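Colleague: Shown below is the structure under consideration.
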Amino acid sequence: MNRKKELDKLDEFYSNLKEEDIVGEVKFEIDKGAFKGPFTCHGKKASLVEKKISYGDLDFTYNIWQCGKCKKEYLDFEQARKYEKFLIMKKVLQDKLITIERSMNYDGKTFFFRFPKELTGNLHKEDLVDIKLLSTDGRMFLVEIKQGR
Ligand SMILES: [Zn+2]
């Protein structure tokens with residue numbers, strides 16, 4: 001596949017990405033307005049419940065809010081983020097992540113690479129890049145673009 005086709009496909013993937021795809025597998029509701037629980041359901045405050053899921057050797061514990069009456073599960077913003085991280089890790093293990101290959105650039109002092117234009121619509125000059133070192137040889141990183149102040 002040539003580069004242009006690859007990027008078109010990527011672009012299509014991202015524009016078709018829905019919330020269901022991100023949260024996937026587990027049924028719960030993310031209350032968009034609410035950043036913090038407890039949520040109210042059936043006139044009562046939902047209680048904090050610990051959930052466990054495993055993928056291979058990877059065990060993951062996270063909390064949800066659950067209604068004592070209808071058992072409906074709610075995730076607040078932080079819980080949703082944590083769960084999303086698990087899904088990402090799972091995809092890493094399954095080798096199912098979208099991969100983009102870029103050429104390394106070197107200006108005589110610094111190494112750098114460029115992001116595909118198609119993926120930068122959501123980025124801003126003020127954003128901060130959070131880089132986590134994943135391997136000791138300095139060749140694997142987890143890069144997260146955080147909203148700048
Ligand atoms: Zn309920």
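Residue numbering restarts at 1 for every chain of the structure tokens, chains are lettered A, B, ... in their displayed order, and ligands are numbered from 1 as they appear.
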Enumerate as a ChimeraX atom specification the residues within 7 Å of ligand 1, counting only C-alpha atoms and all ligand atoms.
Modeller: /A:41-42,67-72
Colleague: Create the file for the chosen residues now, containing C-alpha atoms and written as a short mmCIF file (atom, residue, chain, number, x, y, z; two decimals), in the first residue's frame.
Modeller:
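What landed in again-v2.cif:
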```cif
data_model
loop_
_atom_site.label_atom_id
_atom_site.label_comp_id
_atom_site.auth_asym_id
_atom_site.auth_seq_id
_atom_site.Cartn_x
_atom_site.Cartn_y
_atom_site.Cartn_z
CA CYS A 41 -29.86 6.35 39.48
CA HIS A 42 -33.30 5.30 40.63
CA CYS A 67 -26.89 1.45 40.80
CA GLY A 68 -27.96 -0.89 43.61
CA LYS A 69 -31.36 -1.36 42.02
CA CYS A 70 -30.96 -1.79 38.25
CA LYS A 71 -27.23 -2.65 38.32
CA LYS A 72 -26.56 -0.13 35.61
#
```
Colleague: Please provide the set of residues having any atom within 10 Å of Lys132 (chain A), restricted to only C-alpha atoms, with same-chain residues fewer than 5 positions apart removed, written as a list in words.
Modeller: Met140, Phe141, Leu142, Val143 and Glu144 of chain A
Colleague: Limited to N, CA and C atoms, could you put the picked residues into a file as a short mmCIF file (atom, residue, chain, number, x, y, z; two decimals), in the first residue's frame?
Modeller:
```
data_model
loop_
_atom_site.label_atom_id
_atom_site.label_comp_id
_atom_site.auth_asym_id
_atom_site.auth_seq_id
_atom_site.Cartn_x
_atom_site.Cartn_y
_atom_site.Cartn_z
N MET A 140 11.82 2.81 22.40
CA MET A 140 10.37 2.68 22.47
C MET A 140 9.80 3.71 23.42
N PHE A 141 8.79 4.44 22.94
CA PHE A 141 8.21 5.49 23.75
C PHE A 141 6.68 5.45 23.65
N LEU A 142 6.07 5.94 24.69
CA LEU A 142 4.65 6.19 24.64
C LEU A 142 4.50 7.71 24.64
N VAL A 143 3.88 8.23 23.61
CA VAL A 143 3.77 9.68 23.47
C VAL A 143 2.33 10.10 23.62
N GLU A 144 2.09 11.02 24.53
CA GLU A 144 0.75 11.53 24.70
C GLU A 144 0.78 13.06 24.59
#
```
Colleague: If you measure from CA of Arg81 (chain A) to CA of Asp57 (chain A), what distance in Å do you get, rounded to one decimal?
Modeller: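 So the two atoms, CA of Arg81 (chain A) and CA of Asp57 (chain A), lie 21.2 Å apart.
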Colleague: With distances taken over only C-alpha atoms, which of A:Leu134, A:Leu58, A:Asn122, A:Ser103 is nearest to Met89 (chain A)?
Modeller: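 Under the stated criterion, the closest residue is A:Leu58.
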Colleague: Find the residues around region 62-64 of chain A up to 9 Å (only C-alpha atoms counted), leave out those fewer than 2 positions away in its own chain, and share them as a list of chain:residue names.
Modeller: A:Phe28, A:Gly37, A:Ser47, A:Leu48, A:Val49, A:Glu50, A:Lys51, A:Lys52, A:Ile53, A:Phe60, A:Gln66, A:Glu73, A:Tyr74, A:Leu75, A:Asp76, A:Gln79, A:Ala80, A:Lys82, A:Tyr83
Colleague: Take the residues from that selection and put them in a file with N, CA and C atoms, as a CSV table (one decimal), in the first residue's frame.
Modeller:
```
chain,number,residue,atom,x,y,z
A,28,PHE,N,-21.4,0.2,29.6
A,28,PHE,CA,-21.6,1.1,30.7
A,28,PHE,C,-21.9,2.5,30.0
A,37,GLY,N,-18.1,11.0,40.0
A,37,GLY,CA,-19.3,10.3,40.6
A,37,GLY,C,-19.5,10.9,42.0
A,47,SER,N,-23.2,3.2,44.1
A,47,SER,CA,-22.1,3.0,44.9
A,47,SER,C,-20.9,2.5,44.1
A,48,LEU,N,-19.7,2.7,44.7
A,48,LEU,CA,-18.4,2.4,44.1
A,48,LEU,C,-18.2,0.9,44.1
A,49,VAL,N,-18.0,0.3,43.0
A,49,VAL,CA,-17.8,-1.1,42.9
A,49,VAL,C,-16.4,-1.4,42.2
A,50,GLU,N,-15.7,-2.3,42.7
A,50,GLU,CA,-14.4,-2.7,42.1
A,50,GLU,C,-14.6,-3.8,41.0
A,51,LYS,N,-14.1,-3.6,39.8
A,51,LYS,CA,-14.2,-4.5,38.8
A,51,LYS,C,-12.8,-5.0,38.4
A,52,LYS,N,-12.8,-6.3,38.0
A,52,LYS,CA,-11.5,-6.9,37.5
A,52,LYS,C,-11.7,-7.5,36.1
A,53,ILE,N,-10.7,-7.2,35.3
A,53,ILE,CA,-10.7,-7.9,34.0
A,53,ILE,C,-9.3,-8.3,33.7
A,60,PHE,N,-6.3,-6.2,35.5
A,60,PHE,CA,-6.6,-4.8,35.6
A,60,PHE,C,-7.8,-4.6,36.5
A,66,GLN,N,-22.1,1.9,40.4
A,66,GLN,CA,-23.2,1.0,40.0
A,66,GLN,C,-24.5,1.2,40.9
A,73,GLU,N,-24.2,0.4,35.1
A,73,GLU,CA,-22.9,0.8,35.5
A,73,GLU,C,-22.6,2.2,34.9
A,74,TYR,N,-21.9,3.0,35.7
A,74,TYR,CA,-21.5,4.3,35.2
A,74,TYR,C,-20.1,4.5,35.4
A,75,LEU,N,-19.4,5.2,34.5
A,75,LEU,CA,-18.0,5.5,34.6
A,75,LEU,C,-17.9,7.1,34.6
A,76,ASP,N,-17.1,7.6,35.6
A,76,ASP,CA,-16.8,9.0,35.5
A,76,ASP,C,-15.6,9.2,34.6
A,79,GLN,N,-12.4,7.3,35.6
A,79,GLN,CA,-12.5,5.9,35.5
A,79,GLN,C,-12.5,5.5,34.0
A,80,ALA,N,-13.2,6.3,33.2
A,80,ALA,CA,-13.2,6.0,31.7
A,80,ALA,C,-11.8,6.1,31.1
A,82,LYS,N,-9.0,5.5,32.7
A,82,LYS,CA,-8.2,4.4,33.1
A,82,LYS,C,-8.6,3.1,32.3
A,83,TYR,N,-9.9,3.0,32.1
A,83,TYR,CA,-10.4,1.8,31.4
A,83,TYR,C,-9.9,1.9,29.9
```
Colleague: When you draw a straight line from CA of His124 (chain A) to CA of Gly148 (chain A), how long is it in Å?
Modeller: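 These two atoms are separated by 8.0 Å.
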Colleague: Excluding Ser54 (chain A) and its own-chain neighbours fewer than 6 positions away, which residues fall within 10 Å of it when counting only C-alpha atoms? Please give them as a PDB file with N, CA and C atoms, in the first residue's frame.
Modeller:
```pdb
ATOM      1  N   PHE A  60      -6.298  -6.243  35.493  1.00  0.00           N
ATOM      2  CA  PHE A  60      -6.595  -4.827  35.560  1.00  0.00           C
ATOM      3  C   PHE A  60      -7.783  -4.609  36.489  1.00  0.00           C
ATOM      4  N   THR A  61      -7.597  -3.718  37.426  1.00  0.00           N
ATOM      5  CA  THR A  61      -8.663  -3.406  38.368  1.00  0.00           C
ATOM      6  C   THR A  61      -9.108  -1.971  38.159  1.00  0.00           C
ATOM      7  N   PHE A  86      -6.468   0.565  29.619  1.00  0.00           N
ATOM      8  CA  PHE A  86      -6.409  -0.893  29.580  1.00  0.00           C
ATOM      9  C   PHE A  86      -6.663  -1.402  28.163  1.00  0.00           C
ATOM     10  N   LYS A  90      -4.217  -3.600  25.849  1.00  0.00           N
ATOM     11  CA  LYS A  90      -4.662  -4.860  25.262  1.00  0.00           C
ATOM     12  C   LYS A  90      -4.356  -4.873  23.765  1.00  0.00           C
TER      13      LYS A  90
END
```
Colleague: As a ChimeraX atom specification, please: every residue in region 23-104 of chain A that a backbone DSSP assignment puts in strand (DSSP E or B).
Modeller: /A:29-30,40-41,44-45,47-55,58-66,73-75
Colleague: Just checking: using only C-alpha atoms, which residue out of A:Lys146, A:Lys91, A:Lys44, A:Asn105 ends up closest to Lys125 (chain A)?
Modeller: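 Among A:Lys146, A:Lys91, A:Lys44, A:Asn105, it is A:Lys146 that comes nearest to Lys125 (chain A).
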Colleague: So how far away is CA of Ile131 (chain A) from CA of Arg149 (chain A), in Å?
Modeller: 17.5 Å
Colleague: Taking only C-alpha atoms into account, name the residue in A:Ile145, A:Lys117, A:Glu78, A:Lys85 that is nearest to Asp130 (chain A).
Modeller: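 The answer is A:Ile145, which sits nearest to Asp130 (chain A).
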Colleague: Residues of region 25-130 of chain A in helix (DSSP H, G or I) according to DSSP, as a ChimeraX atom specification?
Modeller: /A:77-94,117-119
Colleague: Can you write out the residues you just picked, keeping C-alpha atoms, as a PDB file, in the first residue's frame?
Modeller:
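Wrote again.pdb, looks like this:
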```pdb
ATOM      1  CA  PHE A  77     -14.208  10.743  33.444  1.00  0.00           C
ATOM      2  CA  GLU A  78     -11.184   9.420  35.356  1.00  0.00           C
ATOM      3  CA  GLN A  79     -12.529   5.870  35.457  1.00  0.00           C
ATOM      4  CA  ALA A  80     -13.216   5.990  31.737  1.00  0.00           C
ATOM      5  CA  ARG A  81      -9.681   7.180  31.056  1.00  0.00           C
ATOM      6  CA  LYS A  82      -8.246   4.376  33.130  1.00  0.00           C
ATOM      7  CA  TYR A  83     -10.359   1.795  31.359  1.00  0.00           C
ATOM      8  CA  GLU A  84      -9.430   3.227  27.995  1.00  0.00           C
ATOM      9  CA  LYS A  85      -5.769   2.770  28.934  1.00  0.00           C
ATOM     10  CA  PHE A  86      -6.409  -0.893  29.580  1.00  0.00           C
ATOM     11  CA  LEU A  87      -7.994  -1.279  26.141  1.00  0.00           C
ATOM     12  CA  ILE A  88      -4.978   0.420  24.603  1.00  0.00           C
ATOM     13  CA  MET A  89      -2.603  -1.911  26.450  1.00  0.00           C
ATOM     14  CA  LYS A  90      -4.662  -4.860  25.262  1.00  0.00           C
ATOM     15  CA  LYS A  91      -4.361  -3.675  21.682  1.00  0.00           C
ATOM     16  CA  VAL A  92      -0.610  -3.276  22.174  1.00  0.00           C
ATOM     17  CA  LEU A  93      -0.403  -6.905  23.286  1.00  0.00           C
ATOM     18  CA  GLN A  94      -2.538  -8.054  20.374  1.00  0.00           C
ATOM     19  CA  LYS A 117      -0.970  16.003   8.647  1.00  0.00           C
ATOM     20  CA  GLU A 118      -4.199  14.026   8.749  1.00  0.00           C
ATOM     21  CA  LEU A 119      -3.834  13.431  12.471  1.00  0.00           C
TER      22      LEU A 119
END
```
Colleague: For Pro38 (chain A), find every residue with an atom within 7 Å (counting only C-alpha atoms), except residues of its own chain fewer than 4 positions away, and show them as a PDB file with C-alpha atoms, in the first residue's frame.
Modeller:
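This is the output file out06.pdb:
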```
ATOM      1  CA  LYS A  45     -26.576   7.470  44.777  1.00  0.00           C
ATOM      2  CA  ALA A  46     -24.749   4.721  42.914  1.00  0.00           C
ATOM      3  CA  SER A  47     -22.079   2.953  44.928  1.00  0.00           C
ATOM      4  CA  TRP A  65     -20.346   3.402  39.893  1.00  0.00           C
TER       5      TRP A  65
END
```
